[in-house]
file data.cif (mmCIF, C-alpha atoms)
data_final
loop_
_atom_site.group_PDB
_atom_site.id
_atom_site.type_symbol
_atom_site.label_atom_id
_atom_site.label_comp_id
_atom_site.auth_asym_id
_atom_site.auth_seq_id
_atom_site.Cartn_x
_atom_site.Cartn_y
_atom_site.Cartn_z
ATOM 1 C CA MET A 1216 15.155 44.234 133.354
ATOM 2 C CA ASN A 1217 13.282 42.750 136.290
ATOM 3 C CA TYR A 1218 14.639 39.217 136.676
ATOM 4 C CA ARG A 1219 11.809 38.195 138.988
ATOM 5 C CA MET A 1220 9.253 38.636 136.211
ATOM 6 C CA TYR A 1221 9.195 37.074 132.778
ATOM 7 C CA LYS A 1222 7.484 38.466 129.711
ATOM 8 C CA PRO A 1223 7.186 35.496 127.336
ATOM 9 C CA THR A 1224 7.997 35.820 123.654
ATOM 10 C CA LYS A 1225 5.731 34.492 120.907
ATOM 11 C CA LYS A 1226 8.189 31.663 120.251
ATOM 12 C CA TRP A 1227 8.150 30.673 123.939
ATOM 13 C CA LEU A 1228 4.345 30.845 124.059
ATOM 14 C CA MET A 1229 3.994 28.661 120.983
ATOM 15 C CA GLY A 1230 6.467 26.130 122.365
ATOM 16 C CA GLU A 1231 4.632 25.955 125.698
ATOM 17 C CA LEU A 1232 1.264 25.545 123.993
ATOM 18 C CA LEU A 1233 2.565 22.683 121.839
ATOM 19 C CA LYS A 1234 4.191 21.065 124.875
ATOM 20 C CA ILE A 1235 0.996 21.240 126.955
ATOM 21 C CA CYS A 1236 -1.125 19.886 124.098
ATOM 22 C CA ALA A 1237 1.330 17.028 123.469
ATOM 23 C CA LEU A 1238 1.421 16.062 127.156
ATOM 24 C CA SER A 1239 -2.381 16.225 127.449
ATOM 25 C CA CYS A 1240 -2.859 14.033 124.389
ATOM 26 C CA GLY A 1241 -0.175 11.579 125.524
ATOM 27 C CA ILE A 1242 -1.546 11.200 129.057
ATOM 28 C CA GLY A 1243 -5.134 11.005 127.812
ATOM 29 C CA TYR A 1244 -4.216 8.243 125.365
ATOM 30 C CA LEU A 1245 -1.983 6.225 127.709
ATOM 31 C CA PHE A 1246 -4.031 6.387 130.905
ATOM 32 C CA PHE A 1247 -7.600 6.599 129.536
ATOM 33 C CA ASP A 1248 -7.298 5.475 125.894
ATOM 34 C CA SER A 1249 -9.355 8.499 124.902
ATOM 35 C CA LEU A 1250 -8.469 11.804 123.291
ATOM 36 C CA ILE A 1251 -11.582 13.272 124.924
ATOM 37 C CA TRP A 1252 -9.684 13.119 128.210
ATOM 38 C CA SER A 1253 -6.981 15.188 126.584
ATOM 39 C CA GLY A 1254 -9.415 18.106 126.492
ATOM 40 C CA VAL A 1255 -10.285 17.484 130.142
ATOM 41 C CA LEU A 1256 -6.590 17.483 131.108
ATOM 42 C CA LEU A 1257 -5.723 20.514 128.976
ATOM 43 C CA PRO A 1258 -6.696 23.148 131.636
ATOM 44 C CA PHE A 1259 -4.236 21.527 134.049
ATOM 45 C CA GLY A 1260 -1.530 22.696 131.667
ATOM 46 C CA ILE A 1261 -1.597 25.983 133.600
ATOM 47 C CA PHE A 1262 0.496 24.221 136.256
ATOM 48 C CA ILE A 1263 3.074 23.241 133.613
ATOM 49 C CA TRP A 1264 3.001 26.823 132.351
ATOM 50 C CA LYS A 1265 3.619 28.169 135.839
ATOM 51 C CA LYS A 1266 6.404 25.656 136.536
ATOM 52 C CA ASP A 1267 8.172 26.364 133.243
ATOM 53 C CA THR A 1268 7.942 30.114 133.836
ATOM 54 C CA GLU A 1269 9.488 29.690 137.284
ATOM 55 C CA SER A 1270 12.196 27.456 135.796
ATOM 56 C CA TYR A 1271 12.984 30.045 133.135
ATOM 57 C CA ILE A 1272 13.230 32.824 135.736
ATOM 58 C CA GLU A 1273 15.455 30.630 137.915
ATOM 59 C CA LYS A 1274 17.670 29.862 134.927
ATOM 60 C CA CYS A 1275 18.023 33.582 134.153
ATOM 61 C CA LYS A 1276 18.914 34.323 137.780
ATOM 62 C CA LYS A 1277 21.495 31.519 137.878
ATOM 63 C CA THR A 1278 23.088 32.834 134.687
ATOM 64 C CA LEU A 1279 23.101 36.348 136.116
ATOM 65 C CA THR A 1280 24.619 35.115 139.392
ATOM 66 C CA LYS A 1281 27.403 33.293 137.545
ATOM 67 C CA GLU A 1282 28.180 36.376 135.442
ATOM 68 C CA PHE A 1283 28.047 38.625 138.513
ATOM 69 C CA ARG A 1284 30.568 36.430 140.349
ATOM 70 C CA GLU A 1285 32.978 36.670 137.440
ATOM 71 C CA MET A 1286 32.420 40.419 137.225
ATOM 72 C CA ILE A 1287 33.255 40.853 140.920
ATOM 73 C CA VAL A 1288 36.578 39.067 140.454
ATOM 74 C CA VAL A 1289 37.495 41.357 137.527
ATOM 75 C CA LEU A 1290 36.264 44.426 139.447
ATOM 76 C CA SER A 1291 38.386 43.461 142.449
ATOM 77 C CA GLY A 1292 41.456 43.161 140.228
ATOM 78 C CA ASN A 1293 40.851 46.593 138.702
ATOM 79 C CA LEU A 1294 40.449 48.157 142.146
ATOM 80 C CA ASN A 1295 43.720 46.577 143.230
ATOM 81 C CA ALA A 1296 45.302 48.182 140.170
ATOM 82 C CA GLY A 1297 44.501 51.593 141.666
ATOM 83 C CA TYR A 1298 41.296 52.595 139.895
ATOM 84 C CA SER A 1299 38.502 54.368 141.748
ATOM 85 C CA LEU A 1300 35.249 52.452 142.190
ATOM 86 C CA GLU A 1301 33.497 54.377 139.406
ATOM 87 C CA ARG A 1302 36.430 54.005 137.017
ATOM 88 C CA ALA A 1303 36.835 50.344 137.941
ATOM 89 C CA PHE A 1304 33.294 49.645 136.750
ATOM 90 C CA ALA A 1305 34.086 51.260 133.391
ATOM 91 C CA VAL A 1306 37.300 49.248 132.994
ATOM 92 C CA THR A 1307 35.522 46.060 134.060
ATOM 93 C CA TYR A 1308 32.830 46.679 131.440
ATOM 94 C CA GLY A 1309 35.541 46.979 128.791
ATOM 95 C CA ASP A 1310 37.269 43.813 129.974
ATOM 96 C CA LEU A 1311 34.075 41.753 129.921
ATOM 97 C CA LYS A 1312 32.902 43.189 126.610
ATOM 98 C CA LYS A 1313 35.874 41.521 124.906
ATOM 99 C CA ASN A 1314 34.062 38.255 125.635
ATOM 100 C CA GLY A 1315 30.579 39.688 125.157
ATOM 101 C CA ASN A 1316 29.008 36.427 123.966
ATOM 102 C CA ASP A 1317 29.823 34.865 127.348
ATOM 103 C CA TYR A 1318 27.994 37.558 129.337
ATOM 104 C CA GLN A 1319 24.327 37.684 128.455
ATOM 105 C CA TYR A 1320 23.065 39.902 131.285
ATOM 106 C CA ILE A 1321 25.867 41.512 133.265
ATOM 107 C CA LEU A 1322 27.081 43.702 130.388
ATOM 108 C CA SER A 1323 23.697 45.370 130.073
ATOM 109 C CA GLU A 1324 23.598 45.854 133.850
ATOM 110 C CA LEU A 1325 27.084 47.386 133.863
ATOM 111 C CA LYS A 1326 25.966 49.692 131.059
ATOM 112 C CA ILE A 1327 23.042 50.839 133.204
ATOM 113 C CA ILE A 1328 25.433 51.508 136.099
ATOM 114 C CA LEU A 1329 27.831 53.453 133.865
ATOM 115 C CA ASN A 1330 24.989 55.534 132.409
ATOM 116 C CA GLY A 1331 23.803 56.263 135.933
ATOM 117 C CA ILE A 1332 27.295 57.369 136.953
ATOM 118 C CA GLU A 1333 27.399 59.734 133.967
ATOM 119 C CA CYS A 1334 24.103 61.210 135.210
ATOM 120 C CA ASN A 1335 25.722 61.836 138.624
ATOM 121 C CA ARG A 1336 23.889 59.053 140.408
ATOM 122 C CA ARG A 1337 25.676 57.350 143.293
ATOM 123 C CA VAL A 1338 27.169 53.933 142.656
ATOM 124 C CA GLU A 1339 25.624 52.507 145.810
ATOM 125 C CA ASP A 1340 22.140 53.601 144.680
ATOM 126 C CA LEU A 1341 22.655 52.005 141.270
ATOM 127 C CA LEU A 1342 23.848 48.765 142.854
ATOM 128 C CA SER A 1343 20.884 48.745 145.246
ATOM 129 C CA ASP A 1344 18.519 49.140 142.299
ATOM 130 C CA PHE A 1345 20.302 46.314 140.492
ATOM 131 C CA GLY A 1346 20.001 44.079 143.548
ATOM 132 C CA LYS A 1347 16.273 44.727 143.940
ATOM 133 C CA ARG A 1348 15.549 44.027 140.277
ATOM 134 C CA SER A 1349 17.633 40.880 140.221
ATOM 135 C CA GLY A 1350 16.271 39.241 143.355
ATOM 136 C CA VAL A 1351 19.662 37.481 143.663
ATOM 137 C CA ARG A 1352 20.921 37.245 147.245
ATOM 138 C CA ASP A 1353 24.604 37.669 146.323
ATOM 139 C CA ILE A 1354 23.883 40.905 144.470
ATOM 140 C CA LEU A 1355 21.617 42.225 147.221
ATOM 141 C CA ASP A 1356 24.245 41.475 149.881
ATOM 142 C CA PHE A 1357 26.977 43.083 147.796
ATOM 143 C CA ALA A 1358 24.888 46.231 147.266
ATOM 144 C CA ARG A 1359 24.125 46.503 150.997
ATOM 145 C CA LEU A 1360 27.804 46.032 151.789
ATOM 146 C CA ILE A 1361 28.821 48.859 149.457
ATOM 147 C CA VAL A 1362 26.115 51.120 150.904
ATOM 148 C CA SER A 1363 27.296 50.420 154.473
ATOM 149 C CA THR A 1364 30.931 50.985 153.515
ATOM 150 C CA LYS A 1365 30.086 54.282 151.856
ATOM 151 C CA ILE A 1366 28.002 55.484 154.818
ATOM 152 C CA TYR A 1367 30.188 54.372 157.718
ATOM 153 C CA GLY A 1368 33.528 54.482 155.963
ATOM 154 C CA GLY A 1369 35.838 51.619 155.121
ATOM 155 C CA ASN A 1370 38.289 50.250 152.630
ATOM 156 C CA ILE A 1371 36.261 49.578 149.477
ATOM 157 C CA VAL A 1372 39.100 47.632 147.876
ATOM 158 C CA SER A 1373 39.439 45.311 150.864
ATOM 159 C CA VAL A 1374 35.678 44.849 151.160
ATOM 160 C CA ILE A 1375 35.229 43.918 147.498
ATOM 161 C CA ARG A 1376 38.272 41.613 147.553
ATOM 162 C CA GLN A 1377 36.870 39.780 150.566
ATOM 163 C CA THR A 1378 33.429 39.638 148.937
ATOM 164 C CA ALA A 1379 34.943 38.146 145.762
ATOM 165 C CA GLY A 1380 36.660 35.489 147.866
ATOM 166 C CA ASN A 1381 33.485 34.636 149.775
ATOM 167 C CA ILE A 1382 31.450 34.410 146.564
ATOM 168 C CA SER A 1383 34.060 32.118 144.986
ATOM 169 C CA GLU A 1384 33.966 29.802 148.016
ATOM 170 C CA LYS A 1385 30.182 29.726 147.919
ATOM 171 C CA HIS A 1386 30.266 28.906 144.210
ATOM 172 C CA MET A 1387 32.566 25.931 144.899
ATOM 173 C CA VAL A 1388 30.178 24.620 147.549
ATOM 174 C CA GLU A 1389 27.233 24.946 145.167
ATOM 175 C CA GLU A 1390 29.110 23.065 142.450
ATOM 176 C CA GLU A 1391 29.870 20.233 144.874
ATOM 177 C CA ILE A 1392 26.218 20.016 145.919
ATOM 178 C CA ASN A 1393 25.044 20.053 142.292
ATOM 179 C CA THR A 1394 27.454 17.236 141.476
ATOM 180 C CA ILE A 1395 26.157 15.156 144.384
ATOM 181 C CA ILE A 1396 22.468 15.554 143.562
ATOM 182 C CA ALA A 1397 22.840 15.300 139.750
ATOM 183 C CA SER A 1398 22.670 11.490 139.847
ATOM 184 C CA LYS A 1399 19.662 11.623 142.171
ATOM 185 C CA LYS A 1400 17.858 13.931 139.753
ATOM 186 C CA LEU A 1401 18.507 11.461 136.947
ATOM 187 C CA GLU A 1402 17.241 8.579 139.068
ATOM 188 C CA GLY A 1403 14.096 10.553 139.855
ATOM 189 C CA ARG A 1404 13.407 11.237 136.177
ATOM 190 C CA ILE A 1405 13.886 7.571 135.300
ATOM 191 C CA MET A 1406 11.509 6.506 138.086
ATOM 192 C CA LEU A 1407 8.853 8.915 136.829
ATOM 193 C CA LEU A 1408 9.305 7.747 133.246
ATOM 194 C CA MET A 1409 9.017 4.027 134.015
ATOM 195 C CA PRO A 1410 5.196 3.883 134.499
ATOM 196 C CA PHE A 1411 4.683 5.556 131.115
ATOM 197 C CA LEU A 1412 7.111 3.150 129.423
ATOM 198 C CA ILE A 1413 5.391 0.153 131.022
ATOM 199 C CA ILE A 1414 1.977 1.309 129.783
ATOM 200 C CA ILE A 1415 3.365 1.904 126.283
ATOM 201 C CA TYR A 1416 4.907 -1.583 126.295
ATOM 202 C CA MET A 1417 1.647 -3.189 127.412
ATOM 203 C CA LYS A 1418 -0.476 -1.282 124.881
ATOM 204 C CA PHE A 1419 1.671 -2.219 121.917
ATOM 205 C CA THR A 1420 2.511 -5.813 122.869
ATOM 206 C CA ASN A 1421 -0.622 -7.080 124.682
ATOM 207 C CA ALA A 1422 -3.348 -4.511 124.233
ATOM 208 C CA GLY A 1423 -5.944 -6.965 125.568
ATOM 209 C CA TYR A 1424 -4.420 -6.842 129.045
ATOM 210 C CA MET A 1425 -5.090 -3.109 129.169
ATOM 211 C CA ASN A 1426 -8.733 -3.267 128.059
ATOM 212 C CA VAL A 1427 -9.928 -3.961 131.587
ATOM 213 C CA MET A 1428 -8.241 -0.730 132.716
ATOM 214 C CA TYR A 1429 -9.946 1.297 129.988
ATOM 215 C CA ARG A 1430 -13.347 -0.352 129.697
ATOM 216 C CA THR A 1431 -14.391 -0.843 133.340
ATOM 217 C CA MET A 1432 -15.179 1.802 135.929
ATOM 218 C CA LEU A 1433 -12.814 0.209 138.454
ATOM 219 C CA GLY A 1434 -10.008 0.242 135.898
ATOM 220 C CA LYS A 1435 -10.583 3.902 135.106
ATOM 221 C CA ILE A 1436 -10.506 4.764 138.793
ATOM 222 C CA VAL A 1437 -7.241 2.830 139.262
ATOM 223 C CA MET A 1438 -5.648 4.604 136.273
ATOM 224 C CA CYS A 1439 -6.807 7.986 137.566
ATOM 225 C CA ILE A 1440 -5.412 7.312 141.046
ATOM 226 C CA SER A 1441 -2.151 6.050 139.510
ATOM 227 C CA LEU A 1442 -1.780 9.230 137.474
ATOM 228 C CA ILE A 1443 -2.377 11.365 140.567
ATOM 229 C CA PHE A 1444 0.289 9.441 142.499
ATOM 230 C CA ILE A 1445 2.787 9.780 139.627
ATOM 231 C CA LEU A 1446 2.241 13.543 139.437
ATOM 232 C CA PHE A 1447 2.481 13.847 143.214
ATOM 233 C CA SER A 1448 5.714 11.834 143.188
ATOM 234 C CA GLY A 1449 7.131 14.128 140.503
ATOM 235 C CA ALA A 1450 6.345 17.215 142.565
ATOM 236 C CA LEU A 1451 7.858 15.575 145.665
ATOM 237 C CA ILE A 1452 11.071 14.625 143.827
ATOM 238 C CA ASN A 1453 11.479 18.167 142.515
ATOM 239 C CA LYS A 1454 11.048 19.523 146.017
ATOM 240 C CA ILE A 1455 13.565 17.084 147.517
ATOM 241 C CA VAL A 1456 16.346 17.758 144.997
ATOM 242 C CA LYS A 1457 15.843 21.522 145.050
ATOM 243 C CA ILE A 1458 18.561 22.640 147.463
ATOM 244 C CA GLU A 1459 19.449 26.296 147.993
ATOM 245 C CA VAL A 1460 22.826 27.268 149.410
#

call {"tool": "encode", "arguments": {"input": "data.cif", "output": "structure tokens"}}
result
Amino acid sequence: MNYRMYKPTKKWLMGELLKICALSCGIGYLFFDSLIWSGVLLPFGIFIWKKDTESYIEKCKKTLTKEFREMIVVLSGNLNAGYSLERAFAVTYGDLKKNGNDYQYILSELKIILNGIECNRRVEDLLSDFGKRSGVRDILDFARLIVSTKIYGGNIVSVIRQTAGNISEKHMVEEEINTIIASKKLEGRIMLLMPFLIIIYMKFTNAGYMNVMYRTMLGKIVMCISLIFILFSGALINKIVKIEV
């Protein structure tokens, strides 16, 4: 599986199509009081499609990274128990398979590695392939470290133990950062939602106040500019709270 590419399922496609149509109709009705504008806004749904695809890929990679970190800890323990690197992968696969529902991706990747070992492929080559397909920095760094250790010599057990420790520390830092920015993300979503709630309130309590925004050219221009600023603010908020460690 190439984690940097996503092949959508029919269920995902249908959900995205319904989401884009619902958003287009909602924005067209609230900001222009016309479903005709919904058809005009519909092509802009490609940006939502692209964003959701990127979010799905990022979610898959985060899940894979979490599972990989846990796998490294188990692998390090098996190496400390005296297993060879190849055998340690097999034992680690067995250990993780006992909780198979908790490991969506890493079990299939370990199976690929074990099949490759049975076909006399080198572990370092299999890990390098895994790192390239995943696009995850931790996995790429780990694969390069194993390759260097194999080429120039070194204590594999010590290297993997140190790597497991470094990855665990990095994970703790990421969790702290996520905790700090979680409230800011919520504040950003509330700020973006407020203009829509205000318009809904005005339309259903004093619709006459909104007629000037829908019936005059100046009002339409103001609503269009407001929508552009809201969308720009949403993109800016997402960029600000997106922090990579």

call {"tool": "resolve_selection", "arguments": {"input": "data.cif", "expression": "the PyMOL selection byres ((chain A and resi 1317) around 12)", "output": "number ranges by chain"}}
result
A: 1278-1279, 1281-1283, 1285-1286, 1310-1316, 1318-1322

call {"tool": "closest_residue", "arguments": {"input": "data.cif", "among": "A:Cys1236, A:Leu1256, A:Leu1250, A:Ile1287", "to": "Val1372 of chain A", "atoms": "all atoms listed in the file"}}
result
A:Ile1287

call {"tool": "closest_residue", "arguments": {"input": "data.cif", "among": "A:Arg1430, A:Arg1348, A:Arg1219, A:Lys1234", "to": "Gly1260 of chain A", "atoms": "only C-alpha atoms"}}
result
A:Lys1234

call {"tool": "axis_aligned_box", "arguments": {"input": "data.cif", "around": "segment 1251-1258 of chain A", "padding_each_side": "4 Å", "output": "AutoDock Vina command-line options"}}
result
--center_x -8.7 --center_y 18.1 --center_z 128.3 --size_x 13.9 --size_y 18.0 --size_z 14.7

call {"tool": "residues_around", "arguments": {"input": "data.cif", "residues": "segment 1325-1330 of chain A", "least_positions_apart": "4", "cutoff": "10 Å", "atoms": "all atoms listed in the file", "output": "list of chain:residue names"}}
result
A:Phe1283, A:Met1286, A:Glu1301, A:Arg1302, A:Phe1304, A:Ala1305, A:Thr1307, A:Tyr1308, A:Gly1309, A:Leu1311, A:Tyr1320, A:Ile1321, A:Cys1334, A:Asn1335, A:Arg1336, A:Arg1337, A:Val1338, A:Glu1339, A:Asp1340, A:Leu1341, A:Leu1342, A:Asp1344, A:Phe1345

call {"tool": "write_last_selection", "arguments": {"input": "data.cif", "atoms": "C-alpha atoms", "output": "PDB file, in the coordinates of the input"}}
result
ATOM      1  CA  PHE A1283      28.047  38.625 138.513  1.00  0.00           C
ATOM      2  CA  MET A1286      32.420  40.419 137.225  1.00  0.00           C
ATOM      3  CA  GLU A1301      33.497  54.377 139.406  1.00  0.00           C
ATOM      4  CA  ARG A1302      36.430  54.005 137.017  1.00  0.00           C
ATOM      5  CA  PHE A1304      33.294  49.645 136.750  1.00  0.00           C
ATOM      6  CA  ALA A1305      34.086  51.260 133.391  1.00  0.00           C
ATOM      7  CA  THR A1307      35.522  46.060 134.060  1.00  0.00           C
ATOM      8  CA  TYR A1308      32.830  46.679 131.440  1.00  0.00           C
ATOM      9  CA  GLY A1309      35.541  46.979 128.791  1.00  0.00           C
ATOM     10  CA  LEU A1311      34.075  41.753 129.921  1.00  0.00           C
ATOM     11  CA  TYR A1320      23.065  39.902 131.285  1.00  0.00           C
ATOM     12  CA  ILE A1321      25.867  41.512 133.265  1.00  0.00           C
ATOM     13  CA  CYS A1334      24.103  61.210 135.210  1.00  0.00           C
ATOM     14  CA  ASN A1335      25.722  61.836 138.624  1.00  0.00           C
ATOM     15  CA  ARG A1336      23.889  59.053 140.408  1.00  0.00           C
ATOM     16  CA  ARG A1337      25.676  57.350 143.293  1.00  0.00           C
ATOM     17  CA  VAL A1338      27.169  53.933 142.656  1.00  0.00           C
ATOM     18  CA  GLU A1339      25.624  52.507 145.810  1.00  0.00           C
ATOM     19  CA  ASP A1340      22.140  53.601 144.680  1.00  0.00           C
ATOM     20  CA  LEU A1341      22.655  52.005 141.270  1.00  0.00           C
ATOM     21  CA  LEU A1342      23.848  48.765 142.854  1.00  0.00           C
ATOM     22  CA  ASP A1344      18.519  49.140 142.299  1.00  0.00           C
ATOM     23  CA  PHE A1345      20.302  46.314 140.492  1.00  0.00           C
TER      24      PHE A1345
END

call {"tool": "closest_residue", "arguments": {"input": "data.cif", "among": "A:Asn1293, A:Thr1268, A:Lys1457, A:Phe1259", "to": "Glu1389 of chain A", "atoms": "only C-alpha atoms"}}
result
A:Lys1457

call {"tool": "resolve_selection", "arguments": {"input": "data.cif", "expression": "the PyMOL selection byres ((chain A and resi 1360) around 12)", "output": "ChimeraX atom specification"}}
result
/A:1339-1340,1342-1343,1346,1353-1359,1361-1371,1373-1375,1377-1378

call {"tool": "residues_around", "arguments": {"input": "data.cif", "residues": "segment 1407-1419 of chain A", "least_positions_apart": "2", "cutoff": "8 Å", "atoms": "all atoms listed in the file", "output": "ChimeraX atom specification"}}
result
/A:1245-1246,1403-1405,1421-1425,1445,1448-1449

call {"tool": "atom_distance", "arguments": {"input": "data.cif", "atom1": "atom CA of Val1255 of chain A", "atom2": "atom CA of Val1427 of chain A"}}
result
21.5 Å

call {"tool": "build_atoms", "arguments": {"input": "data.cif", "residues": "segment 1386-1406 of chain A", "atoms": "N, CA and C atoms", "output": "mmCIF file, in the coordinates of the input"}}
result
data_model
loop_
_atom_site.group_PDB
_atom_site.id
_atom_site.type_symbol
_atom_site.label_atom_id
_atom_site.label_comp_id
_atom_site.auth_asym_id
_atom_site.auth_seq_id
_atom_site.Cartn_x
_atom_site.Cartn_y
_atom_site.Cartn_z
ATOM 1 N N HIS A 1386 30.457 29.527 145.519
ATOM 2 C CA HIS A 1386 30.266 28.906 144.210
ATOM 3 C C HIS A 1386 30.827 27.484 144.200
ATOM 4 N N MET A 1387 31.977 27.266 144.843
ATOM 5 C CA MET A 1387 32.566 25.931 144.899
ATOM 6 C C MET A 1387 31.675 24.970 145.672
ATOM 7 N N VAL A 1388 31.082 25.456 146.760
ATOM 8 C CA VAL A 1388 30.178 24.620 147.549
ATOM 9 C C VAL A 1388 28.946 24.244 146.728
ATOM 10 N N GLU A 1389 28.397 25.212 145.997
ATOM 11 C CA GLU A 1389 27.233 24.946 145.167
ATOM 12 C C GLU A 1389 27.543 23.915 144.091
ATOM 13 N N GLU A 1390 28.722 24.022 143.480
ATOM 14 C CA GLU A 1390 29.110 23.065 142.450
ATOM 15 C C GLU A 1390 29.219 21.659 143.021
ATOM 16 N N GLU A 1391 29.753 21.542 144.235
ATOM 17 C CA GLU A 1391 29.870 20.233 144.874
ATOM 18 C C GLU A 1391 28.493 19.644 145.152
ATOM 19 N N ILE A 1392 27.580 20.488 145.632
ATOM 20 C CA ILE A 1392 26.218 20.016 145.919
ATOM 21 C C ILE A 1392 25.519 19.600 144.632
ATOM 22 N N ASN A 1393 25.668 20.389 143.574
ATOM 23 C CA ASN A 1393 25.044 20.053 142.292
ATOM 24 C C ASN A 1393 25.575 18.738 141.738
ATOM 25 N N THR A 1394 26.861 18.493 141.931
ATOM 26 C CA THR A 1394 27.454 17.236 141.476
ATOM 27 C C THR A 1394 26.876 16.047 142.239
ATOM 28 N N ILE A 1395 26.676 16.233 143.538
ATOM 29 C CA ILE A 1395 26.157 15.156 144.384
ATOM 30 C C ILE A 1395 24.719 14.803 144.019
ATOM 31 N N ILE A 1396 23.893 15.816 143.796
ATOM 32 C CA ILE A 1396 22.468 15.554 143.562
ATOM 33 C C ILE A 1396 22.135 15.315 142.086
ATOM 34 N N ALA A 1397 23.114 15.492 141.184
ATOM 35 C CA ALA A 1397 22.840 15.300 139.750
ATOM 36 C C ALA A 1397 22.375 13.881 139.465
ATOM 37 N N SER A 1398 23.051 12.891 140.069
ATOM 38 C CA SER A 1398 22.670 11.490 139.847
ATOM 39 C C SER A 1398 21.285 11.203 140.423
ATOM 40 N N LYS A 1399 20.971 11.828 141.560
ATOM 41 C CA LYS A 1399 19.662 11.623 142.171
ATOM 42 C C LYS A 1399 18.544 12.219 141.306
ATOM 43 N N LYS A 1400 18.836 13.346 140.667
ATOM 44 C CA LYS A 1400 17.858 13.931 139.753
ATOM 45 C C LYS A 1400 17.586 12.988 138.585
ATOM 46 N N LEU A 1401 18.661 12.394 138.060
ATOM 47 C CA LEU A 1401 18.507 11.461 136.947
ATOM 48 C C LEU A 1401 17.712 10.238 137.370
ATOM 49 N N GLU A 1402 17.990 9.724 138.560
ATOM 50 C CA GLU A 1402 17.241 8.579 139.068
ATOM 51 C C GLU A 1402 15.762 8.923 139.211
ATOM 52 N N GLY A 1403 15.484 10.130 139.696
ATOM 53 C CA GLY A 1403 14.096 10.553 139.855
ATOM 54 C C GLY A 1403 13.364 10.632 138.522
ATOM 55 N N ARG A 1404 14.034 11.147 137.502
ATOM 56 C CA ARG A 1404 13.407 11.237 136.177
ATOM 57 C C ARG A 1404 13.132 9.854 135.596
ATOM 58 N N ILE A 1405 14.077 8.933 135.805
ATOM 59 C CA ILE A 1405 13.886 7.571 135.300
ATOM 60 C C ILE A 1405 12.714 6.899 136.009
ATOM 61 N N MET A 1406 12.607 7.099 137.321
ATOM 62 C CA MET A 1406 11.509 6.506 138.086
ATOM 63 C C MET A 1406 10.164 7.038 137.620
#
